[in-house]
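I have placed the structure first, in the form of structure tokens, so that the comments after it can refer back to it.
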Amino acid sequence: GKTGDGQESTSGSDSPQRHKSLHPTSVATLCSPKDNESSLSIISSWRSVGGDDSGSLINGEHFIRQFPVRKQRGDKKECPFTITAKYCTRNNGHDFSLNPLLEVDVEITIRNQLIDHESVEFEFSMDSDDDVFFIGAERFSWSLGGGDELVVPLKAVLTASGIYDIQSVCLAICSQEDVPPVLHRFPNQQWIVRVNK
């Protein structure tokens, strides 16, 4: 039966045992260590002044349980990776008549956003064009487990002053041997470098 402190007691053949019952919206239940890292439970407590002239306070709470923050499984059409880059966005005063090439250090991070998932095999490549080319590991195959990340150091080489988008990453996701890889480019991301005379 229940005791006065909200605990339940059970008796067995050995000795009495006490089990604490938790309210479904308690912090211990909402933030249970049993939950995986793909979801989040949110507790929002709020207070508002009433709309009438009395100035009364209205208090409330809202609970969102198991709000997804990362995918557990991948859709074959969606890219399971995110890419980010660290680089210098501006270079002032490079004299291309003295040195015809300007090298910009670029550090690309590829992160597998899936969790509870086996490794995802992919091929990394950089699409060079007439304005920008790259020095370093421009093409390679790799495998990343769920939640893992890989940092790829490169140098973007520029030959004139101007404004450049150096984002030209292509990831080919290899799912099965008999199936052609699914290509993912990231046209909505721009990594802009401005080179002044």
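Ordered as shown in the structure tokens, chains take letters A, B, and onward, while each chain numbers its residues from 1 and ligands are numbered from 1 in the order shown.
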
Give me the residues within 9 Å of Val193 (chain A) as a VMD selection string, counting only C-alpha atoms and dropping any in the same chain fewer than 4 places off. chain A and resid 87 to 91 104 162 to 166

Could you turn the residues from that selection into a file that holds C-alpha atoms, as a tab-separated table (two decimals), in the first residue's frame?
chain	number	residue	atom	x	y	z
A	87	TYR	CA	38.40	29.25	-42.47
A	88	CYS	CA	39.48	32.88	-42.71
A	89	THR	CA	36.66	34.82	-44.38
A	90	ARG	CA	38.71	37.86	-45.37
A	91	ASN	CA	42.22	38.38	-46.70
A	104	VAL	CA	43.47	29.66	-47.43
A	162	GLY	CA	37.42	38.77	-55.50
A	163	ILE	CA	34.66	37.00	-53.60
A	164	TYR	CA	34.68	33.20	-53.64
A	165	ASP	CA	32.37	30.46	-52.41
A	166	ILE	CA	34.79	27.68	-51.44

Residues within 6 Å of Val157 (chain A), please, as an MDAnalysis selection string. Count only C-alpha atoms; anything in the same chain fewer than 4 positions from it doesn't count. chainID A and resid 102:103 132:134

Backbone DSSP call of strand (DSSP E) for region 87-196 of chain A, listed as an MDAnalysis selection string: chainID A and resid 87 90:91 102:112 120:126 132:136 139:144 149:158 162:165 169:174 182:185 192:195

Contacts of Val182 (chain A) at 10 Å (only C-alpha atoms; same-chain gap of 6+ positions) as a PDB file with C-alpha atoms, in the first residue's frame:
ATOM      1  CA  LYS A  76      17.939   6.665 -47.853  1.00  0.00           C
ATOM      2  CA  LYS A  77      17.229   9.897 -49.756  1.00  0.00           C
ATOM      3  CA  GLU A  78      18.328  12.256 -46.975  1.00  0.00           C
ATOM      4  CA  CYS A  79      21.954  12.900 -46.144  1.00  0.00           C
ATOM      5  CA  PHE A 122      30.767   7.435 -47.877  1.00  0.00           C
ATOM      6  CA  LEU A 171      29.438  13.149 -50.318  1.00  0.00           C
ATOM      7  CA  ALA A 172      28.508   9.870 -52.015  1.00  0.00           C
ATOM      8  CA  ILE A 173      26.698   7.567 -49.567  1.00  0.00           C
ATOM      9  CA  CYS A 174      27.462   3.916 -50.259  1.00  0.00           C
ATOM     10  CA  SER A 175      24.604   1.747 -48.981  1.00  0.00           C
TER      11      SER A 175
END

Counting only C-alpha atoms, which of A:Pro180, A:Gln189, A:Ser125, A:Arg194 gets nearest to Leu158 (chain A)?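 For Leu158 (chain A), the nearest of the candidates is A:Arg194.
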
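In this model, the gap between CA of Gln113 (chain A) and CA of Trp191 (chain A) comes to 20.9 Å.
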
Please, what distance in Å, to one decimal, runs between CA of Pro80 (chain A) and CA of Ile43 (chain A)?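 Going from CA of Pro80 (chain A) over to CA of Ile43 (chain A), I get 28.6 Å.
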
Nearest to Arg47 (chain A) among A:Gly60, A:Gly146, A:Pro100, A:Pro153, with distances taken over only C-alpha atoms: which residue is it? A:Gly60

Hey, what's within 8 Å of Arg111 (chain A) if we count only C-alpha atoms and toss same-chain stuff fewer than 4 positions away? As a count of residues only, please? 8

Residues within 7 Å of Cys170 (chain A), only C-alpha atoms, excluding chain neighbours under 6 positions, as an NGL selection string: :A and (124-126 or 183-185)

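Interatomic distance, CA of His23 (chain A) to CA of Ser44 (chain A): 16.3 Å.
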
Which residues, written as a PDB file with C-alpha atoms, in the first residue's frame, have at least one atom at most 10 Å from Phe96 (chain A), with only C-alpha atoms counted and residues fewer than 2 positions away on the same chain left out?
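Once everything was written out, this is out-v5.pdb:
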ATOM      1  CA  GLY A  93      46.224  43.092 -49.188  1.00  0.00           C
ATOM      2  CA  HIS A  94      47.474  39.983 -50.997  1.00  0.00           C
ATOM      3  CA  LEU A  98      54.404  38.977 -56.251  1.00  0.00           C
ATOM      4  CA  ASN A  99      52.747  35.661 -55.363  1.00  0.00           C
ATOM      5  CA  PRO A 100      50.173  34.393 -57.894  1.00  0.00           C
ATOM      6  CA  LEU A 101      48.604  31.913 -55.447  1.00  0.00           C
ATOM      7  CA  LEU A 102      46.812  32.603 -52.169  1.00  0.00           C
ATOM      8  CA  LEU A 158      42.820  31.325 -55.082  1.00  0.00           C
ATOM      9  CA  THR A 159      44.474  33.087 -58.026  1.00  0.00           C
ATOM     10  CA  ALA A 160      42.949  36.582 -57.995  1.00  0.00           C
ATOM     11  CA  SER A 161      41.202  39.067 -55.753  1.00  0.00           C
ATOM     12  CA  LYS A 197      43.759  43.835 -53.569  1.00  0.00           C
TER      13      LYS A 197
END
